[in-house]
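A.B. asks: Have a look at the structure that comes next, please.
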Amino acid sequence: MDTAVLRQYIGGYELAPGFIITITLENGKLVSQATGQGKAELFAEKDDFFFLKVVDAQIEFIKGADGKIEKLILYQNGRQIPGKKIK
């Protein structure tokens, strides 16, 4: 995926008070890091939808009416956990 496309996902997403998933771009790869956890590369499954290989989890990025990413949804252990973009 083009790095210009990946840049739109960069930011911090709050899933719960004090629990944030931070998305960064490192060496052209999208990386996630949850509060208190290690970094994990995200792999594109389709536009706005990624999966992790280190755990059975997927992340979907949701765009607002303005076309910018406003939140993500973490799919893990049968749960869907939304996280609002805070930075």
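Chains: A, B, ... in order of the structure tokens. Residues: from 1 per chain. Ligands: from 1, in order shown.
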Quick one: residues within 7 Å of region 70-80 of chain A, only C-alpha atoms, excluding same-chain residues fewer than 2 positions away - as a PyMOL selection string?

C.D. replies: chain A and resi 13+56-64+68+82-85

A.B. asks: Can you tell me which residues surround region 18-31 of chain A at a distance of at most 7 Å, considering only C-alpha atoms, apart from same-chain residues fewer than 4 positions away, and format the answer as a list of chain:residue names?

C.D. replies: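 So the residues in contact are A:Thr3, A:Leu6, A:Arg7, A:Tyr9, A:Ile10, A:Gly11, A:Gly12, A:Tyr13, A:Glu14, A:Thr35, A:Lys39, A:Ala40, A:Glu41, A:Leu42.
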
A.B. asks: Quick check, in Å to one decimal: how far apart do CA of Gly36 (chain A) and CA of Asp2 (chain A) lie?

C.D. replies: 29.0 Å

A.B. asks: Which of these, A:Ala44, A:Val55, A:Met1, A:Gln8, has the shortest distance to Gly67 (chain A) once you count only C-alpha atoms?

C.D. replies: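 The closest residue to Gly67 (chain A) is A:Gln8.
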
A.B. asks: Find the distance between CA of Leu52 (chain A) and CA of Ala65 (chain A) and write it in Å to one decimal.

C.D. replies: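 Computing it gives 27.4 Å between the two atoms.
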
A.B. asks: Could you go through chain A and tell me which residues DSSP, when run on the backbone, assigns to helix (DSSP H, G or I), listing them as number ranges by chain?

C.D. replies: A: 3-9
